[in-house]
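Reading through the structure tokens given below for one structure.
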Amino acid sequence: MIKLGLLGVGKMGQNHLKNIVSLPCYELSFIYDYNEELCARLAKEYGTKASLDLDSDLASVDAIIIVTPTFTHDEYIKKVSKATKNIFVEKPLCDSFEKCQEIMLLEQNLGLNIAVGFIERFNPALKELQNELKKLGSNTHELRFTRTSLASSRITDVDVITDLMIHDIDLALYLNGDAQVLFANGVIQNNTINLATATLKHENGIISHIHASRITHKNERKISISTDEAHFECDLLAKELNVFKNAKNEPLKAKEANALKDELVAFSELCAGQKSNKLADAKSATKAMKIATDIAKMIKEQQ
């Protein structure tokens, strides 16, 4: 059983909290948040300790999960790395490419196990898509990623690229390897990019088109893939996959799964010394942030 500390119990942190206490592989030693009243209430509700002395409590755990505001990630990672090498941090790794590079080097120099919460890698619909692509074994030509929703009042420290698009940048790199940005355009509101469209070319020649918006009155998370043998439409929200072959549609429903719970189990395995190709590490998260940074730069230069 892994003794675990949780930093940050906002909305996403509470999602982690609910799943952590349901997993037998973890013993939750403490939770920590700057909102001491909320932290105390949740600690009582979930039968754990609300930390008032983080430095002291860090010494008692085998692993830490960081679900704090993005701009705090690098400082918390540096702090907890003095106590444990097993660190899970919600996406993005840091709020800048430079900070990501610094953390990636820290991971290498200290032998840390850093996992980054790109939860879509654990989406059951994505697994179904990967299985079907492998089954056909045909050449992929292009991928289209769409992710839209109205801006959330709880997201105030990042633009749409770092908030939403980063998920699909990671998926594009995860599915087809390294890439460079060919084109990007977007909409800036109140000095913040709230809509972004980008085209990437992967080193394997495949093209990825990525669109993200926080000004669209529709929640959508989809991947479309065109290959020699078929066309795939993957709905990450509905957990559905449609395969179009010879003008016929073959709908497939992914098996029910809890992506966050599966991700946390994978992190427990990492803590136990089992490497995972599915979990994002600091290196892959840094590559995703480099693409995100290049997209933001292109958009700002066009204004």
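Residues in the structure tokens are named by chain (A, B, ... in the order shown) and by number from 1 within that chain; ligands are numbered from 1 in the order shown.
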
Step one, run DSSP on the backbone; step two, keep only residues of region 42-163 of chain A assigned to strand (DSSP E or B); then write them as a PyMOL selection string. chain A and resi 50+63-66+86-90+113-117+140-150

Set the distance at 8 Å and use only C-alpha atoms: which residues neighbour Ala184 (chain A) once local chain neighbours fewer than 5 positions away are removed? I'd like the list as a ChimeraX atom specification. /A:196-199,295-296,298-299

Can you write just those residues out, N, CA, C and O atoms, as a PDB file, in the first residue's frame?
ATOM      1  N   ALA A 196      -8.361  28.599 -30.713  1.00  0.00           N
ATOM      2  CA  ALA A 196      -7.107  28.327 -31.415  1.00  0.00           C
ATOM      3  C   ALA A 196      -7.284  27.157 -32.381  1.00  0.00           C
ATOM      4  O   ALA A 196      -7.957  26.175 -32.077  1.00  0.00           O
ATOM      5  N   THR A 197      -6.685  27.310 -33.549  1.00  0.00           N
ATOM      6  CA  THR A 197      -6.659  26.251 -34.553  1.00  0.00           C
ATOM      7  C   THR A 197      -5.224  26.097 -35.023  1.00  0.00           C
ATOM      8  O   THR A 197      -4.546  27.094 -35.292  1.00  0.00           O
ATOM      9  N   ALA A 198      -4.747  24.867 -35.114  1.00  0.00           N
ATOM     10  CA  ALA A 198      -3.348  24.640 -35.505  1.00  0.00           C
ATOM     11  C   ALA A 198      -3.233  23.398 -36.385  1.00  0.00           C
ATOM     12  O   ALA A 198      -4.023  22.460 -36.272  1.00  0.00           O
ATOM     13  N   THR A 199      -2.244  23.419 -37.252  1.00  0.00           N
ATOM     14  CA  THR A 199      -1.910  22.265 -38.085  1.00  0.00           C
ATOM     15  C   THR A 199      -0.485  21.842 -37.771  1.00  0.00           C
ATOM     16  O   THR A 199       0.434  22.665 -37.812  1.00  0.00           O
ATOM     17  N   ILE A 295       2.344  27.438 -30.893  1.00  0.00           N
ATOM     18  CA  ILE A 295       1.009  27.809 -31.391  1.00  0.00           C
ATOM     19  C   ILE A 295       0.617  29.185 -30.864  1.00  0.00           C
ATOM     20  O   ILE A 295       0.161  30.052 -31.619  1.00  0.00           O
ATOM     21  N   ALA A 296       0.799  29.405 -29.569  1.00  0.00           N
ATOM     22  CA  ALA A 296       0.453  30.697 -28.963  1.00  0.00           C
ATOM     23  C   ALA A 296       1.261  31.830 -29.594  1.00  0.00           C
ATOM     24  O   ALA A 296       0.725  32.916 -29.864  1.00  0.00           O
ATOM     25  N   MET A 298       2.550  31.988 -32.644  1.00  0.00           N
ATOM     26  CA  MET A 298       2.062  32.251 -34.000  1.00  0.00           C
ATOM     27  C   MET A 298       0.775  33.067 -33.980  1.00  0.00           C
ATOM     28  O   MET A 298       0.590  33.992 -34.777  1.00  0.00           O
ATOM     29  N   ILE A 299      -0.133  32.704 -33.063  1.00  0.00           N
ATOM     30  CA  ILE A 299      -1.404  33.416 -32.971  1.00  0.00           C
ATOM     31  C   ILE A 299      -1.185  34.874 -32.570  1.00  0.00           C
ATOM     32  O   ILE A 299      -1.759  35.804 -33.161  1.00  0.00           O
TER      33      ILE A 299
END

Contacts between region 201-219 of chain A and region 159-195 of chain A, please, where a residue of region 159-195 of chain A counts if it comes within 8 Å (with only C-alpha atoms); show its shortest atom pair and distance in Å to one decimal, rows by chain and ascending number, as JSON lines.
{"residue": "A:Val160", "atom": "CA", "partner": "A:Arg214", "partner_atom": "CA", "distance": 6.3}
{"residue": "A:Ile161", "atom": "CA", "partner": "A:Ala212", "partner_atom": "CA", "distance": 7.2}
{"residue": "A:Leu164", "atom": "CA", "partner": "A:Ala212", "partner_atom": "CA", "distance": 6.4}
{"residue": "A:Met165", "atom": "CA", "partner": "A:Ala212", "partner_atom": "CA", "distance": 5.4}
{"residue": "A:Asp168", "atom": "CA", "partner": "A:Ile210", "partner_atom": "CA", "distance": 7.0}
{"residue": "A:Ile169", "atom": "CA", "partner": "A:Ile210", "partner_atom": "CA", "distance": 7.5}
{"residue": "A:Ala172", "atom": "CA", "partner": "A:Ser208", "partner_atom": "CA", "distance": 6.7}
{"residue": "A:Leu173", "atom": "CA", "partner": "A:His202", "partner_atom": "CA", "distance": 7.9}
{"residue": "A:Asn176", "atom": "CA", "partner": "A:His202", "partner_atom": "CA", "distance": 6.7}
{"residue": "A:Gly177", "atom": "CA", "partner": "A:His202", "partner_atom": "CA", "distance": 6.4}
{"residue": "A:Asp178", "atom": "CA", "partner": "A:His202", "partner_atom": "CA", "distance": 5.6}
{"residue": "A:Ala179", "atom": "CA", "partner": "A:His202", "partner_atom": "CA", "distance": 3.9}
{"residue": "A:Gln180", "atom": "CA", "partner": "A:Lys201", "partner_atom": "CA", "distance": 5.6}
{"residue": "A:Val181", "atom": "CA", "partner": "A:Lys201", "partner_atom": "CA", "distance": 6.5}
{"residue": "A:Leu182", "atom": "CA", "partner": "A:Lys201", "partner_atom": "CA", "distance": 6.6}
{"residue": "A:Asn194", "atom": "CA", "partner": "A:Arg214", "partner_atom": "CA", "distance": 5.3}
{"residue": "A:Leu195", "atom": "CA", "partner": "A:Ser213", "partner_atom": "CA", "distance": 4.2}

With all heavy atoms retained, write the just-selected residues as a tab-separated table (two decimals), in the first residue's frame.
chain	number	residue	atom	x	y	z
A	160	VAL	N	-6.79	29.03	-23.72
A	160	VAL	CA	-7.45	27.82	-24.23
A	160	VAL	C	-6.44	26.76	-24.69
A	160	VAL	O	-6.73	25.56	-24.67
A	160	VAL	CB	-8.42	28.17	-25.38
A	160	VAL	CG1	-7.66	28.56	-26.66
A	160	VAL	CG2	-9.37	27.02	-25.67
A	161	ILE	N	-5.25	27.21	-25.07
A	161	ILE	CA	-4.24	26.26	-25.55
A	161	ILE	C	-3.75	25.39	-24.39
A	161	ILE	O	-3.67	24.16	-24.49
A	161	ILE	CB	-3.06	27.00	-26.21
A	161	ILE	CG1	-3.56	27.84	-27.38
A	161	ILE	CG2	-1.99	26.01	-26.70
A	161	ILE	CD1	-2.52	28.80	-27.93
A	164	LEU	N	-7.34	23.55	-22.74
A	164	LEU	CA	-8.03	22.52	-23.50
A	164	LEU	C	-7.18	21.86	-24.58
A	164	LEU	O	-7.05	20.64	-24.65
A	164	LEU	CB	-9.30	23.10	-24.16
A	164	LEU	CG	-10.39	23.65	-23.25
A	164	LEU	CD1	-11.58	24.13	-24.09
A	164	LEU	CD2	-10.85	22.60	-22.26
A	165	MET	N	-6.58	22.70	-25.44
A	165	MET	CA	-5.87	22.15	-26.60
A	165	MET	C	-4.70	21.25	-26.22
A	165	MET	O	-4.36	20.32	-26.95
A	165	MET	CB	-5.38	23.30	-27.50
A	165	MET	CG	-4.71	22.82	-28.78
A	165	MET	SD	-4.08	24.17	-29.82
A	165	MET	CE	-5.47	24.40	-30.91
A	168	ASP	N	-5.17	17.55	-26.67
A	168	ASP	CA	-5.12	17.00	-28.02
A	168	ASP	C	-3.73	17.11	-28.63
A	168	ASP	O	-3.36	16.29	-29.48
A	168	ASP	CB	-6.17	17.68	-28.89
A	168	ASP	CG	-7.58	17.38	-28.41
A	168	ASP	OD1	-7.83	16.21	-28.09
A	168	ASP	OD2	-8.40	18.29	-28.34
A	169	ILE	N	-2.96	18.10	-28.21
A	169	ILE	CA	-1.55	18.15	-28.61
A	169	ILE	C	-0.86	16.89	-28.09
A	169	ILE	O	-0.13	16.22	-28.82
A	169	ILE	CB	-0.86	19.42	-28.06
A	169	ILE	CG1	-1.45	20.67	-28.71
A	169	ILE	CG2	0.65	19.35	-28.30
A	169	ILE	CD1	-0.98	21.97	-28.08
A	172	ALA	N	-2.03	13.86	-30.08
A	172	ALA	CA	-1.43	13.84	-31.42
A	172	ALA	C	-0.01	13.30	-31.37
A	172	ALA	O	0.39	12.47	-32.19
A	172	ALA	CB	-1.46	15.25	-32.03
A	173	LEU	N	0.75	13.76	-30.38
A	173	LEU	CA	2.14	13.29	-30.23
A	173	LEU	C	2.17	11.84	-29.75
A	173	LEU	O	3.02	11.06	-30.17
A	173	LEU	CB	2.89	14.19	-29.25
A	173	LEU	CG	2.99	15.68	-29.61
A	173	LEU	CD1	3.78	16.43	-28.55
A	173	LEU	CD2	3.64	15.88	-30.97
A	176	ASN	N	1.19	9.69	-32.88
A	176	ASN	CA	2.00	9.75	-34.10
A	176	ASN	C	3.40	10.33	-33.95
A	176	ASN	O	4.07	10.57	-34.95
A	176	ASN	CB	1.24	10.53	-35.18
A	176	ASN	CG	0.18	9.68	-35.83
A	176	ASN	OD1	0.47	8.70	-36.49
A	176	ASN	ND2	-1.07	10.05	-35.62
A	177	GLY	N	3.84	10.57	-32.73
A	177	GLY	CA	5.22	10.98	-32.53
A	177	GLY	C	5.46	12.48	-32.71
A	177	GLY	O	4.52	13.27	-32.87
A	178	ASP	N	6.73	12.86	-32.68
A	178	ASP	CA	7.13	14.25	-32.69
A	178	ASP	C	6.59	15.00	-33.92
A	178	ASP	O	6.38	14.41	-34.99
A	178	ASP	CB	8.65	14.37	-32.66
A	178	ASP	CG	9.23	13.90	-31.33
A	178	ASP	OD1	8.45	13.69	-30.38
A	178	ASP	OD2	10.46	13.73	-31.25
A	179	ALA	N	6.39	16.31	-33.75
A	179	ALA	CA	5.82	17.13	-34.82
A	179	ALA	C	6.30	18.57	-34.69
A	179	ALA	O	6.87	18.96	-33.67
A	179	ALA	CB	4.29	17.08	-34.77
A	180	GLN	N	6.05	19.32	-35.74
A	180	GLN	CA	6.29	20.76	-35.69
A	180	GLN	C	5.03	21.49	-36.15
A	180	GLN	O	4.22	20.93	-36.89
A	180	GLN	CB	7.48	21.16	-36.56
A	180	GLN	CG	7.29	20.90	-38.05
A	180	GLN	CD	8.49	21.36	-38.86
A	180	GLN	OE1	9.46	21.86	-38.32
A	180	GLN	NE2	8.42	21.18	-40.17
A	181	VAL	N	4.86	22.73	-35.72
A	181	VAL	CA	3.68	23.51	-36.06
A	181	VAL	C	3.86	24.13	-37.44
A	181	VAL	O	4.84	24.84	-37.68
A	181	VAL	CB	3.42	24.61	-35.02
A	181	VAL	CG1	2.14	25.38	-35.36
A	181	VAL	CG2	3.32	24.02	-33.61
A	182	LEU	N	2.93	23.85	-38.34
A	182	LEU	CA	2.97	24.46	-39.67
A	182	LEU	C	2.20	25.77	-39.71
A	182	LEU	O	2.60	26.72	-40.38
A	182	LEU	CB	2.37	23.50	-40.71
A	182	LEU	CG	3.09	22.17	-40.95
A	182	LEU	CD1	2.35	21.40	-42.05
A	182	LEU	CD2	4.54	22.40	-41.35
A	194	ASN	N	-8.70	32.55	-26.61
A	194	ASN	CA	-9.85	31.73	-26.24
A	194	ASN	C	-10.33	30.81	-27.36
A	194	ASN	O	-11.25	30.01	-27.15
A	194	ASN	CB	-11.00	32.61	-25.76
A	194	ASN	CG	-10.84	33.01	-24.31
A	194	ASN	OD1	-10.31	32.26	-23.50
A	194	ASN	ND2	-11.27	34.21	-23.96
A	195	LEU	N	-9.73	30.93	-28.53
A	195	LEU	CA	-9.99	30.01	-29.64
A	195	LEU	C	-8.69	29.84	-30.39
A	195	LEU	O	-7.98	30.81	-30.66
A	195	LEU	CB	-11.09	30.55	-30.56
A	195	LEU	CG	-11.52	29.67	-31.74
A	195	LEU	CD1	-12.99	29.90	-32.08
A	195	LEU	CD2	-10.67	29.88	-32.98

Name all residues at most 7 Å from region 6-20 of chain A (count only C-alpha atoms; drop same-chain ones fewer than 5 positions away) and give them as a PyMOL selection string. chain A and resi 26+30-33+39+64-68+261

Residue selection dump (C-alpha atoms) as a CSV table (one decimal), in the first residue's frame:
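Output (again35.csv):
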chain,number,residue,atom,x,y,z
A,26,TYR,CA,-3.3,3.8,-1.6
A,30,PHE,CA,-3.0,13.8,4.3
A,31,ILE,CA,-4.6,16.4,2.1
A,32,TYR,CA,-3.3,20.0,1.8
A,33,ASP,CA,-4.8,23.2,0.5
A,39,CYS,CA,-9.4,21.1,3.6
A,64,ILE,CA,2.5,12.9,-3.9
A,65,ILE,CA,-0.3,14.1,-6.2
A,66,ILE,CA,-0.3,17.8,-7.1
A,67,VAL,CA,-3.7,19.3,-8.2
A,68,THR,CA,-2.9,23.0,-7.5
A,261,LYS,CA,-9.2,5.7,-11.6

Just to confirm, what's the straight-line distance from CA of Ile119 (chain A) to CA of Glu240 (chain A) in Å (one decimal)? 16.7 Å

Could you give me, as a PyMOL selection string, the residues within 12 Å of Lys127 (chain A), counting only C-alpha atoms and dropping anything in the same chain fewer than 6 positions from it? chain A and resi 120-121+133-134+171+175+234-236+239-241+252-257+259+278

Please produce an output containing N, CA and C atoms for each residue in the selection, written as a compact mmCIF listing (two decimals), in the first residue's frame.
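Heads up, here's the output in part-v3.txt:
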# COMPACT_ATOMS: atom_id res chain seq x y z
N GLU A 120 -6.93 11.85 -21.08
CA GLU A 120 -7.53 11.30 -22.30
C GLU A 120 -6.79 10.06 -22.80
N ARG A 121 -5.55 9.88 -22.39
CA ARG A 121 -4.82 8.67 -22.76
C ARG A 121 -5.52 7.42 -22.20
N LEU A 133 -7.53 0.64 -35.20
CA LEU A 133 -6.44 1.04 -36.10
C LEU A 133 -5.41 -0.07 -36.24
N LYS A 134 -5.10 -0.70 -35.12
CA LYS A 134 -4.13 -1.80 -35.13
C LYS A 134 -4.67 -2.99 -35.92
N LEU A 171 -2.29 14.02 -27.29
CA LEU A 171 -2.79 12.85 -28.01
C LEU A 171 -2.18 12.73 -29.40
N LEU A 175 -0.04 9.51 -30.36
CA LEU A 175 -0.46 8.60 -31.43
C LEU A 175 0.51 8.56 -32.60
N CYS A 234 -14.19 9.34 -33.38
CA CYS A 234 -14.13 8.94 -31.98
C CYS A 234 -14.67 10.06 -31.10
N ASP A 235 -15.75 9.79 -30.38
CA ASP A 235 -16.36 10.76 -29.47
C ASP A 235 -15.87 10.46 -28.06
N LEU A 236 -14.98 11.30 -27.55
CA LEU A 236 -14.38 11.07 -26.24
C LEU A 236 -15.34 11.35 -25.10
N LYS A 239 -17.98 8.36 -25.37
CA LYS A 239 -17.25 7.09 -25.32
C LYS A 239 -17.71 6.16 -26.46
N GLU A 240 -17.82 6.75 -27.66
CA GLU A 240 -18.29 6.01 -28.82
C GLU A 240 -17.30 6.13 -29.98
N LEU A 241 -17.28 5.10 -30.81
CA LEU A 241 -16.43 5.09 -31.99
C LEU A 241 -17.26 4.66 -33.19
N LEU A 252 -19.41 1.52 -32.62
CA LEU A 252 -18.87 0.70 -31.53
C LEU A 252 -18.96 1.49 -30.23
N LYS A 253 -19.43 0.85 -29.19
CA LYS A 253 -19.52 1.48 -27.87
C LYS A 253 -18.36 0.98 -27.02
N ALA A 254 -17.58 1.89 -26.48
CA ALA A 254 -16.45 1.50 -25.64
C ALA A 254 -16.95 0.94 -24.31
N LYS A 255 -16.17 0.04 -23.73
CA LYS A 255 -16.51 -0.51 -22.43
C LYS A 255 -16.50 0.58 -21.36
N GLU A 256 -17.40 0.46 -20.41
CA GLU A 256 -17.44 1.43 -19.31
C GLU A 256 -16.12 1.41 -18.54
N ALA A 257 -15.62 2.59 -18.24
CA ALA A 257 -14.35 2.68 -17.51
C ALA A 257 -14.27 4.03 -16.81
N ALA A 259 -11.66 6.67 -16.26
CA ALA A 259 -10.34 7.03 -16.77
C ALA A 259 -9.42 7.53 -15.67
N LYS A 278 1.61 4.31 -21.17
CA LYS A 278 0.36 5.06 -21.24
C LYS A 278 0.43 6.37 -20.44

If DSSP is run on the backbone, what residues of region 43-265 of chain A are helix (DSSP H, G or I)? A reply as a PyMOL selection string would be ideal. chain A and resi 43-46+54-58+70-80+97-110+119-122+124-136+160-176+259-265
